[in-house]
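Data block below; observations after.
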Amino acid sequence: MGGGRLQGMRIQLIHAYDHITSVENLLLAWREFVRGKKQKKDVQGFSLRLMDNILKLHKELATKTYVHGAYEAFNISDPKPRNIHKALVRDRLVHHALYRILYPFFDRTFVSDSYSCRKWKGTHRALNRFRDFGRKVSHNNTRTCFVLKCDIRKFFASIDHAVLLAILDRYIPDKNILRILKGIIDSFHSTRTGVGLPLGNLTSQLLVNIYMNEFDQYVKHQLKVKYYIRYADDFVFLSPDKHHLEELLRYIVVFLREKLRLELHPDKVYIKTLASGVDFLGWVHFPDHRVVRTTTKKRMFKRIAESGGKEETIRSYLGLLSHGNGRGLWEKVRNALGLA
């Protein structure tokens with residue numbers, strides 16, 4: 001899994017295009033793709049003639065005639081308004097076929113403190129890592145711990161295609177794999193041609209991690225930052241020295257702008273003490289506890305009401321609350337489920 005070879009000091013993917021586009025890999029990708037989607041009309045339509053559709057897709061991929069289709073756009077609020085772009089079933093199957101080979105390889109190249117869209121990572125591990133870092137930097141809450149919190153402005157909509165493809169080119173020697181990735185990347189743009197990835201694509205989750213891994217490596221190996229955590233476009237630096245964080249910020253701004261063509265969100269960058277409460281991943285963190293952000297709390301009760309008090313909705317929030325100090329809130333949610 002995740003096979004690679006060293007080229008100079010950089011590991012490179014050893015899988016070939018034919019492996020990714022094989023009927024076997026497409027069938028395995030279908031099995032993963034279809035989970036939880038069997039009731040969807042477009043998925044049912046594709047599965048009615050599954051082998052015919054897969055063989056047709058394989059032939060197009062093998063003869064290099066495959067072209068990525070258009071997207072269906074719709075809006076969701078989760079928690080803030082987002083514009084989702086959904087590809088055709090055949091294109092999403094290609095995304096899965098690529099992902100199941102590329103993810104294990106690229107995941108090995110990522111730093112350990114990148115937590116978004118990775119197996120064995122996720123929000124809860126990021127929250128616990130933040131707590132552990134806070135304790136270390138503050139020497140078990142006996143010294144002041146400063147936190148630099150950053151957020152990238154319009155993250156998915158700002159990913160530069162040329163920069164992304166140049167990064168992929170360094171890792172993937174097979175030009176046919178690069179060509180199909182370029183087709184997927186160029187199938188969408190946000191404000192202008194050559195910029196932006198769609199929120200709905202499985203490949204987008206991996207591609208933004210590959211993109212931001214350039215920043216992660218810079219932070220760890222050039223800036224030599226020890227206490228750093230990133231979850232998608234949300235990242236924090238912890239230090240006992242506020243001036244050090246102010247200096248770091250200057251380097252961060254320049255690297256993101258010049259190397260990745262990204263800008264920090266002007267209203268979401270600050271340096272605060274941990275003791276004053278730091279908002280990170282839906283929780284407000286303090287030296288010895290964390291509490292649910294007020295907006296998260298309001299959204300939680302709104303969704304419970306909208307679901308008509310559905311047990312699965314309530315239990316999912318009980319799971320969320322178990323990761324922090326929210327005893328009163330916990331009791332309110334339990335009451336809603338009739339578990340008091």
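By convention in this document, the chains of the structure tokens carry letters A, B, ... by their order, each chain's residues are numbered from 1, and ligands are numbered from 1 in the order they are shown.
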In segment 57-273 of chain A, DSSP strand (DSSP E or B) residues written as an NGL selection string: :A and (71-77 or 81-87 or 114 or 146-152 or 160 or 195 or 228-231 or 234-239 or 264 or 270-273)
I'd like a table as a tab-separated table: residues in segment 228-300 of chain A with an atom no more than 8 Å from segment 140-160 of chain A, each row giving the shortest atom pair and its distance in Å to one decimal, only C-alpha atoms counted, sorted by chain and rising residue number.
residue	atom	partner	partner_atom	distance
A:Asp233	CA	A:Ile152	CA	5.4
A:Asp234	CA	A:Asp151	CA	4.8
A:Phe235	CA	A:Cys150	CA	5.4
A:Val236	CA	A:Lys149	CA	4.6
A:Phe237	CA	A:Leu148	CA	5.0
A:Leu238	CA	A:Val147	CA	4.6
A:Ser239	CA	A:Phe146	CA	5.4
A:Pro240	CA	A:Cys145	CA	4.8
A:Asp241	CA	A:Phe146	CA	6.8
A:Lys242	CA	A:Phe146	CA	6.0
A:Leu245	CA	A:Leu148	CA	6.3
A:Leu260	CA	A:Asp160	CA	7.3
A:Arg261	CA	A:Asp160	CA	6.8
A:Leu262	CA	A:Ser158	CA	6.5
A:Glu263	CA	A:Arg153	CA	5.7
A:Leu264	CA	A:Ile152	CA	4.3
A:His265	CA	A:Arg153	CA	4.3
A:Pro266	CA	A:Arg153	CA	7.9
A:Lys268	CA	A:Asp151	CA	5.8
A:Val269	CA	A:Cys150	CA	4.6
A:Tyr270	CA	A:Lys149	CA	5.5
A:Ile271	CA	A:Leu148	CA	4.4
A:Lys272	CA	A:Val147	CA	5.4
A:Thr273	CA	A:Phe146	CA	4.4
A:Leu274	CA	A:Cys145	CA	5.6
A:Ala275	CA	A:Cys145	CA	7.6
A:Val278	CA	A:Val147	CA	7.5
A:Phe280	CA	A:Lys149	CA	8.0
A:Pro287	CA	A:Asn141	CA	6.2
A:Asp288	CA	A:Asn141	CA	7.8
Residue subset to file, keeping C-alpha atoms, as a short mmCIF file (atom, residue, chain, number, x, y, z; two decimals), in the first residue's frame:
data_model
loop_
_atom_site.label_atom_id
_atom_site.label_comp_id
_atom_site.auth_asym_id
_atom_site.auth_seq_id
_atom_site.Cartn_x
_atom_site.Cartn_y
_atom_site.Cartn_z
CA ASP A 233 -7.21 25.76 6.42
CA ASP A 234 -7.39 26.21 10.20
CA PHE A 235 -4.03 26.11 12.00
CA VAL A 236 -2.39 27.10 15.27
CA PHE A 237 1.10 27.69 16.67
CA LEU A 238 1.77 27.56 20.43
CA SER A 239 4.72 29.24 22.16
CA PRO A 240 5.70 30.78 25.52
CA ASP A 241 7.07 33.75 23.53
CA LYS A 242 4.58 36.16 21.93
CA LEU A 245 4.82 34.12 17.13
CA LEU A 260 0.99 28.88 -2.70
CA ARG A 261 -0.81 32.09 -3.75
CA LEU A 262 -2.97 32.01 -0.65
CA GLU A 263 -3.95 34.82 1.73
CA LEU A 264 -4.76 34.65 5.43
CA HIS A 265 -8.24 35.77 6.43
CA PRO A 266 -7.76 39.29 7.86
CA LYS A 268 -9.41 35.36 11.65
CA VAL A 269 -5.75 35.80 12.55
CA TYR A 270 -4.81 36.65 16.13
CA ILE A 271 -2.42 35.95 18.99
CA LYS A 272 -4.05 35.25 22.37
CA THR A 273 -3.12 33.64 25.65
CA LEU A 274 -4.54 30.18 26.21
CA ALA A 275 -5.87 31.41 29.57
CA VAL A 278 -8.74 30.13 22.13
CA PHE A 280 -10.20 26.21 17.54
CA PRO A 287 -5.59 25.68 30.11
CA ASP A 288 -7.55 22.99 32.00
#
Between segment 148-214 of chain A and segment 11-34 of chain A, at 9 Å or less, what are the per-residue closest atom pairs and their distances in Å? Count only C-alpha atoms, order by chain and rising residue number, and return it as JSON lines.
{"residue": "A:Arg170", "atom": "CA", "partner": "A:Gln12", "partner_atom": "CA", "distance": 7.6}
{"residue": "A:Tyr171", "atom": "CA", "partner": "A:Gln12", "partner_atom": "CA", "distance": 4.7}
{"residue": "A:Ile172", "atom": "CA", "partner": "A:Leu13", "partner_atom": "CA", "distance": 5.4}
{"residue": "A:Pro173", "atom": "CA", "partner": "A:Leu13", "partner_atom": "CA", "distance": 7.0}
{"residue": "A:Asp174", "atom": "CA", "partner": "A:Ala16", "partner_atom": "CA", "distance": 6.3}
{"residue": "A:Lys175", "atom": "CA", "partner": "A:Tyr17", "partner_atom": "CA", "distance": 8.4}
{"residue": "A:Asn176", "atom": "CA", "partner": "A:Tyr17", "partner_atom": "CA", "distance": 6.0}
{"residue": "A:Ile177", "atom": "CA", "partner": "A:Tyr17", "partner_atom": "CA", "distance": 5.4}
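Compared by their closest atoms to Gln217 of chain A, and using only C-alpha atoms, the residues A:Asp267, A:Glu60, A:Glu72, A:Asp113 rank with A:Asp113 nearest.
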Spatial neighbours of Asp107 of chain A, max dist 12 Å, only C-alpha atoms, sep filter under 6 positions, as a list in words: Met1, Gly2, Gly3, Gly4, Ile11, Leu13, Tyr99, Arg100, Ile101, Asp113, Ser114, Tyr115, Ser116, Cys117, Arg118, Lys119, Trp120, Lys121, Gln205, Leu206, Leu207, Asn209, Ile210 and Asn213 of chain A
Got time to write the residues from that selection, N, CA, C and O atoms, as a compact mmCIF listing (two decimals), in the first residue's frame?
# COMPACT_ATOMS: atom_id res chain seq x y z
N MET A 1 0.84 -1.21 0.00
CA MET A 1 0.00 0.00 0.00
C MET A 1 0.88 1.25 0.00
O MET A 1 1.86 1.33 0.72
N GLY A 2 0.47 2.22 -0.82
CA GLY A 2 1.18 3.49 -0.81
C GLY A 2 2.59 3.40 -1.32
O GLY A 2 3.48 4.09 -0.86
N GLY A 3 2.85 2.45 -2.30
CA GLY A 3 4.19 2.23 -2.78
C GLY A 3 4.85 3.45 -3.37
O GLY A 3 4.22 4.22 -4.07
N GLY A 4 6.14 3.60 -3.07
CA GLY A 4 6.89 4.72 -3.63
C GLY A 4 8.35 4.36 -3.74
O GLY A 4 8.81 3.36 -3.19
N ILE A 11 10.36 10.94 -2.28
CA ILE A 11 9.71 9.68 -2.61
C ILE A 11 8.78 9.91 -3.79
O ILE A 11 8.15 10.96 -3.91
N LEU A 13 5.75 8.09 -6.54
CA LEU A 13 4.74 7.04 -6.71
C LEU A 13 5.23 6.01 -7.72
O LEU A 13 5.72 6.36 -8.80
N TYR A 99 -8.14 7.95 -5.85
CA TYR A 99 -7.95 8.18 -4.42
C TYR A 99 -7.42 6.94 -3.71
O TYR A 99 -6.53 7.03 -2.87
N ARG A 100 -7.98 5.77 -4.05
CA ARG A 100 -7.60 4.56 -3.30
C ARG A 100 -6.14 4.16 -3.56
O ARG A 100 -5.55 3.42 -2.76
N ILE A 101 -5.55 4.65 -4.63
CA ILE A 101 -4.13 4.40 -4.89
C ILE A 101 -3.26 5.56 -4.40
O ILE A 101 -2.20 5.36 -3.80
N ASP A 113 1.10 16.16 12.41
CA ASP A 113 0.13 17.09 13.00
C ASP A 113 -0.76 17.79 11.99
O ASP A 113 -1.26 18.88 12.22
N SER A 114 -0.99 17.11 10.85
CA SER A 114 -2.03 17.52 9.90
C SER A 114 -3.19 16.53 10.10
O SER A 114 -2.98 15.31 10.02
N TYR A 115 -4.38 17.03 10.40
CA TYR A 115 -5.45 16.14 10.90
C TYR A 115 -6.69 16.03 10.02
O TYR A 115 -7.56 15.22 10.31
N SER A 116 -6.81 16.82 8.98
CA SER A 116 -8.05 16.83 8.19
C SER A 116 -8.06 15.75 7.11
O SER A 116 -7.07 15.58 6.39
N CYS A 117 -9.19 15.03 7.01
CA CYS A 117 -9.41 14.04 5.94
C CYS A 117 -8.29 13.00 5.86
O CYS A 117 -7.78 12.70 4.77
N ARG A 118 -7.89 12.48 7.04
CA ARG A 118 -6.87 11.45 7.08
C ARG A 118 -7.32 10.33 8.02
O ARG A 118 -7.94 10.59 9.05
N LYS A 119 -7.01 9.10 7.62
CA LYS A 119 -7.36 7.95 8.46
C LYS A 119 -6.59 8.06 9.78
O LYS A 119 -5.42 8.43 9.80
N TRP A 120 -7.27 7.69 10.85
CA TRP A 120 -6.70 7.69 12.21
C TRP A 120 -6.35 9.09 12.70
O TRP A 120 -5.56 9.25 13.62
N LYS A 121 -6.91 10.11 12.07
CA LYS A 121 -6.67 11.48 12.54
C LYS A 121 -8.01 12.09 12.93
O LYS A 121 -8.70 11.56 13.78
N GLN A 205 -10.28 16.73 -1.38
CA GLN A 205 -9.82 16.57 0.01
C GLN A 205 -8.34 16.18 0.05
O GLN A 205 -7.57 16.70 0.86
N LEU A 206 -7.97 15.27 -0.84
CA LEU A 206 -6.57 14.84 -0.90
C LEU A 206 -5.69 15.93 -1.51
O LEU A 206 -4.61 16.23 -1.00
N LEU A 207 -6.18 16.56 -2.58
CA LEU A 207 -5.37 17.56 -3.28
C LEU A 207 -5.06 18.77 -2.40
O LEU A 207 -3.95 19.31 -2.46
N ASN A 209 -4.72 18.71 0.83
CA ASN A 209 -3.70 18.27 1.79
C ASN A 209 -2.32 18.20 1.14
O ASN A 209 -1.31 18.54 1.77
N ILE A 210 -2.27 17.77 -0.13
CA ILE A 210 -1.00 17.75 -0.86
C ILE A 210 -0.48 19.18 -1.02
O ILE A 210 0.71 19.45 -0.86
N ASN A 213 0.62 20.54 2.34
CA ASN A 213 1.79 19.83 2.86
C ASN A 213 3.07 20.61 2.58
O ASN A 213 4.04 20.53 3.34
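Within segment 227-283 of chain A, DSSP run on the backbone puts these residues in alpha helix (DSSP H): Lys242, His243, His244, Leu245, Glu246, Glu247, Leu248, Leu249, Arg250, Tyr251, Ile252, Val253, Val254, Phe255, Leu256, Arg257, Glu258 and Lys259 of chain A.
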Just-selected residues, C-alpha atoms written as a tab-separated table (two decimals), in the first residue's frame:
chain	number	residue	atom	x	y	z
A	242	LYS	CA	4.58	36.16	21.93
A	243	HIS	CA	7.30	37.99	19.95
A	244	HIS	CA	8.39	34.69	18.39
A	245	LEU	CA	4.82	34.12	17.13
A	246	GLU	CA	4.68	37.67	15.74
A	247	GLU	CA	7.90	36.98	13.84
A	248	LEU	CA	6.57	33.62	12.60
A	249	LEU	CA	3.47	35.32	11.25
A	250	ARG	CA	5.55	37.50	8.93
A	251	TYR	CA	7.23	34.43	7.41
A	252	ILE	CA	3.90	32.58	7.13
A	253	VAL	CA	2.22	35.41	5.22
A	254	VAL	CA	5.09	35.62	2.71
A	255	PHE	CA	5.33	31.85	2.13
A	256	LEU	CA	1.59	31.40	1.62
A	257	ARG	CA	1.40	34.37	-0.74
A	258	GLU	CA	4.54	33.71	-2.79
A	259	LYS	CA	4.67	29.90	-2.91
Top pick for closest residue to Phe46 of chain A, considering A:Lys64, A:His85, A:Ala232, A:Asp91 and counting only C-alpha atoms: A:Asp91
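Minimum atom-to-atom distances from A:Tyr211, A:Arg129, A:Arg192, A:Tyr71 to Ile84 of chain A were compared using only C-alpha atoms, and the lowest value belongs to A:Tyr71.
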From A:Val43, A:Leu48, A:His95, A:His289, residue lying nearest Thr203 of chain A [only C-alpha atoms]: A:His95
